[in-house]
Every structure is written in structure tokens, then in C-alpha cells.
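What follows is one structure encoded as C-alpha cells, with my remarks underneath.
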Amino acid sequence: MSAEFDNALNTLMGGLSRPKEDENIKFLEDLVDSLVELCGDDESKWKSLVLALTYKRYHLKAPEAKMSLKEALADKKSDNSSSSRGTVGNGERRIFYIAITHLFQKLLNEEKSNDLVASVLDCLIQIAPLAGGSRDVCTLIESFVGAVLDSNESLMEKNGQCLDFFGQESLSLLVTSGVKLCMDGIQNDKAQETLNNLLQVAADTLDQDKNILEARASGESDKDNKDTALPSTLHVFVPHRDRGKPRKKKKKKTATPATTAKK
């Protein structure tokens with residue numbers, strides 16, 4: 001059983017490329033199902049699964065990687081030769097998203113709550129903004145909400161009514177109503193708690209961003225100082241002010257030798 005788990009984990013870590021076709025996604029979901037079954041009640045195997053998924057996602061531009069690199073450079077300047085910090089990982093976000101969303105779907109659809117799956121999801125949710133960044137938090141919210149809507153026809157119908165009502169004029173209101181519908185419609189307590197934890201990560205990040213901006217405005221911090229904390233990019237991905245509204249792109253006329261000659 002241990003050898004079978006090791007083989008499956010090695011496939012996840014090194015034997016997968018970015019899933020682009022439906023059959024690739026199905027293979028990944030089946031692999032996650034196998035790993036969940038092989039983990040059983042063994043906490044050490046669950047930890048290995050979390051580390052493997054984190055390794056798949058971790059990349060050089062991740063917030064935690066930047067911090068590690070900064071500390072490593074500081075150690076090097078202070079001639080601390082014992083420092084051996086490194087930044088490694090695959091930076092493969094799609095596998096990370098699909099695997100976590102599939103774990104959430106399993107938790108959502110099971111009549112009996114799986115405490116270990118819920119704990120793993122909570123851990124990965126806390127890791128996501130560090131290993132991947134703001135994009136990961138927003139993508140997981142979208143994926144989790146989509147999973148809840150797909151699992152409940154009545155919720156999907158209500159969300160469709162919201163879509164008809166709001167249309168494309170206010171994406172913010174549509175997302176807000178969709179999240180509220182999901183929170184009210186989830187029957188599994190652990191799944192509801194998991195989605196709530198994810199939303200709390202986003203809320204806490206936005207609160208931190210607000211504090212940073214307020215400190216800048218009051219002159220308490222210097223934005224030009226490299227050591228000053230920077231706000232996240234969460235606001236870029238969260239729909240606001242009707243972002244996503246169709247707009248016609250104006251084509252810029254470029255000068256050609258022919259048109260230039262006429263002038």
C-alpha cells in the first residue's frame with residue numbers, strides 16, 4: 001500500500017504536465033481520488049499530499065519566495081555562510097487549482113464529513129496566497145462557488161435568475177449574490193466552513209491592504225522604501241466597478257510606409 005501511494009504521489013509531482021483537455025483533467029481527478037483513498041487515516045500521507053501540491057504551485061514570484069530570497073540576500077551580505085534558503089517549485093497553477101477544487105467537491109458531496117479532507121483543504125487555503133499569490137485566492141473562490149452551484153440545481157436556478165436580473169452591468173453584485181446563495185445552500189457543515197475560511201483569507205488580505213494604504217496616506221510609511229510592506233493585488237482580481245463589462249477596443253492606426261509617403 002505504501003509503494004502504491006508513493007507511485008501515485010510521484011505521478012502527481014513529476015509525471016503530469018498542465019492539463020488542457022477534458023481527459024487530462026479527468027486523469028488528475030482520478031489520481032486525487034486514488035491518493036485520498038490511499039491516505040486513509042494516515043496523517044503523514046496527508047502531509048505528503050499537501051507538500052506535493054504546494055511544490056507543484058510554488059514559484060519564484062510567489063510572496064513567500066520573494067521574502068525567502070530577500071532574507072537569503074540579507075544573510076549573504078552579513079556573511080552568514082550557514083544560510084541555505086532556496087526557492088524551488090513547478091509554478092504549475094492549473095494542477096493546483098483542479099486538485100484542490102476536486103477535494104472540495106468530494107467534501108461537498110459526501111454525506112458524512114471527512115475531517116481529514118477538511119483539514120487538508122484548510123491548510124492548502126492558508127498556503128495558497130503564500131505559494132501562489134492573490135490570483136490563487138480569487139480563482140479558488142470562483143472554483144468553489146462553481147462547484148457548489150453545480151451540485152445544487154435549485155441554487156443554479158436562483159443564480160440564473162440573479163444573472164438575468166443583474167445581467168453584465170454589475171458583476172460585483174452577481175458575485176456577491178452567488179457567494180451568499182452558496183453559503184446558505186451548502187448542507188455539509190465542513191464544506192461550508194471551508195468556503196468560509198477561504199472567504200476569510202480574502203477579507204483579511206483586503207483589511208491588510210487597507211491598513212497599508214491608510215498608513216501611506218497619513219505619512220506613517222514611505223512607499224519608496226524597499227522594506228515597506230506592499231498591498232496585495234487582490235483588488236485586481238476581485239470584480240469591482242463593473243469590471244468584466246464588454247467594451248469595444250479602439251484600434252490604433254499604425255503608420256505604414258504607404259500612408260507616410262502620402263503625407
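Chain labels follow the order of the C-alpha cells: the first chain is A, the next B, and so on; residue numbering restarts at 1 in every chain, and ligands are counted from 1 in their shown order.
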Inset, instruction - For Ile212 in chain A, please output as a list in words all residues within 8 Å (counting only C-alpha atoms; exclusion window: fewer than 6 positions along the same chain). - result: Ala229, Leu230 and Pro231 of chain A
Inset, instruction - Tell me which protein, DNA and RNA residues are within 12 Å of Lys45 in chain A, counting only C-alpha atoms, leaving out same-chain ones fewer than 2 positions away, and put them as a list in words. - result: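 Final neighbour list, sorted by chain and number: Met1, Ser2, Ala3, Glu4, Phe5, Asp6, Ala8, Leu9, Leu35, Val36, Glu37, Leu38, Cys39, Gly40, Asp41, Asp42, Glu43, Lys47, Ser48, Leu49, Val50, Leu51, Ala52, Leu116, Val117 and Val120 of chain A.
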Legend entry - Two-atom distance - CA of Lys190 in chain A, CA of Asn114 in chain A (Å):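 Interatomic distance, CA of Lys190 in chain A to CA of Asn114 in chain A: 7.9 Å.
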Inset, instruction - May I ask which of the residues A:Ser34, A:Asn24, A:Asn109, A:Thr54 is the closest one to Asn188 in chain A, counting only C-alpha atoms? - result: A:Asn109
Inset, instruction - Compare A:Leu199, A:Met13, A:Leu213, A:Cys138 by their minimum atom-to-atom distance to Val236 in chain A, counting only C-alpha atoms, and give me the closest one. - result: A:Cys138
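Between CA of Leu53 in chain A and CA of Thr139 in chain A the separation is 15.9 Å.
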Inset, instruction - Just the residues within 8 Å of range 181-183 of chain A, please, counting only C-alpha atoms, with nothing from its chain fewer than 4 positions along; format it as a VMD selection string. - result: chain A and resid 145 148 to 149 155 159 177 192 195 to 196
Next, dump the selected residues to file, keeping only C-alpha atoms, as a JSON list (two decimals), in the first residue's frame.
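Okay, again.json is ready:
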[["chain", "number", "residue", "atom", "x", "y", "z"],
["A", 145, "VAL", "CA", -18.66, 28.68, -5.78],
["A", 148, "VAL", "CA", -21.50, 24.41, -5.07],
["A", 149, "LEU", "CA", -23.75, 25.69, -7.86],
["A", 155, "LEU", "CA", -29.10, 27.12, -6.42],
["A", 159, "ASN", "CA", -28.16, 32.12, -9.65],
["A", 177, "SER", "CA", -25.29, 37.16, -4.56],
["A", 192, "GLN", "CA", -19.49, 25.45, 4.46],
["A", 195, "LEU", "CA", -15.65, 28.07, 1.90],
["A", 196, "ASN", "CA", -16.00, 30.48, 4.81]]
